[in-house]
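One structure below.
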Amino acid sequence: MSSPLETLRALSRSARPQYEINETNEITPPWNEESSLSRPDEGLNSLNSFLSLPGSADDPDERAAIIEYGANVPRRWAEGFAALSSMPPPSGFSPERWQRIVDAAGSFLGGWASEAITCGWSDLDVFGCDRDRPDARFDCMGLVMLLDRVEVVGIDPAGADLIATAGGAKLRFRRRPLPQHTISLWDLGAAGRTGNAAP
């Protein structure tokens, strides 16, 4: 069985992108016969970089299906991530911070979602946020909201081990009961809580 990343690479071969912008905004040049890349998908290194390909799954249902089967995640998570990828920043989020959160969600789905599911993590454990103050209510935040500048290095039923991208500090995210008004990030768009982002 191939890995989710290999599945996405296979899907990207048919797209023949003109360029790619990955999660760190690096532009991969077009592939051609003279290129130093051996294959047109060689620059593809994550779920996010696949989803940033021009013409890759412009239809939200197609995008969700690619995510669901490519990353082996529940359909609800796939549809949620597809919605996040096209949502404007919610109130309280700068476009830059929101993009980091969306990128972190894609990296999580591509690398840790299957293990989180096996450990019993719910939508809210991963994607939870407060309906009215998603940027400020830490008691409602799921793991993805905190991955803005850290990366997951391990996951278990009780929580996730993290490392800060600047400085390498080791952190621990602990799963806990969330307040009743906690919603999934992608539900912010349905709740009309997008736009008016703070710098």
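Please note that chains go A, B, ... in the order of the structure tokens, that every chain numbers its residues from 1, and that ligands are numbered from 1 in the order shown.
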Spatial neighbours of Leu143 of chain A, max dist 9 Å, only C-alpha atoms, sep filter under 3 positions, as a compact mmCIF listing (two decimals) with C-alpha atoms, in the first residue's frame:
```txt
# COMPACT_ATOMS: atom_id res chain seq x y z
CA LEU A 124 -12.91 19.33 18.21
CA ASP A 125 -9.74 17.85 19.73
CA VAL A 126 -8.00 18.69 16.47
CA PHE A 127 -9.94 21.61 14.94
CA GLY A 128 -11.80 23.14 17.91
CA LEU A 146 -1.76 25.93 18.31
CA LEU A 147 0.38 24.59 15.45
CA GLY A 159 -2.16 14.47 23.82
CA ALA A 160 0.56 15.45 21.38
CA PHE A 173 -0.65 19.55 24.12
CA ARG A 174 -3.04 17.71 26.42
CA ARG A 175 -6.47 16.60 25.27
```
Q: Would you list the contacts of Arg100 of chain A as a list of chain:residue names, taking every protein, DNA or RNA residue within 7 Å and counting only C-alpha atoms, but skipping same-chain residues closer than 4 positions in sequence?
A: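 Contacts, with the query itself left out: A:Glu96, A:Ala104, A:Asp148.
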**Q.** Gap from atom CA of Leu109 of chain A to atom CA of Leu162 of chain A - Å, one decimal
**A.** 15.3 Å
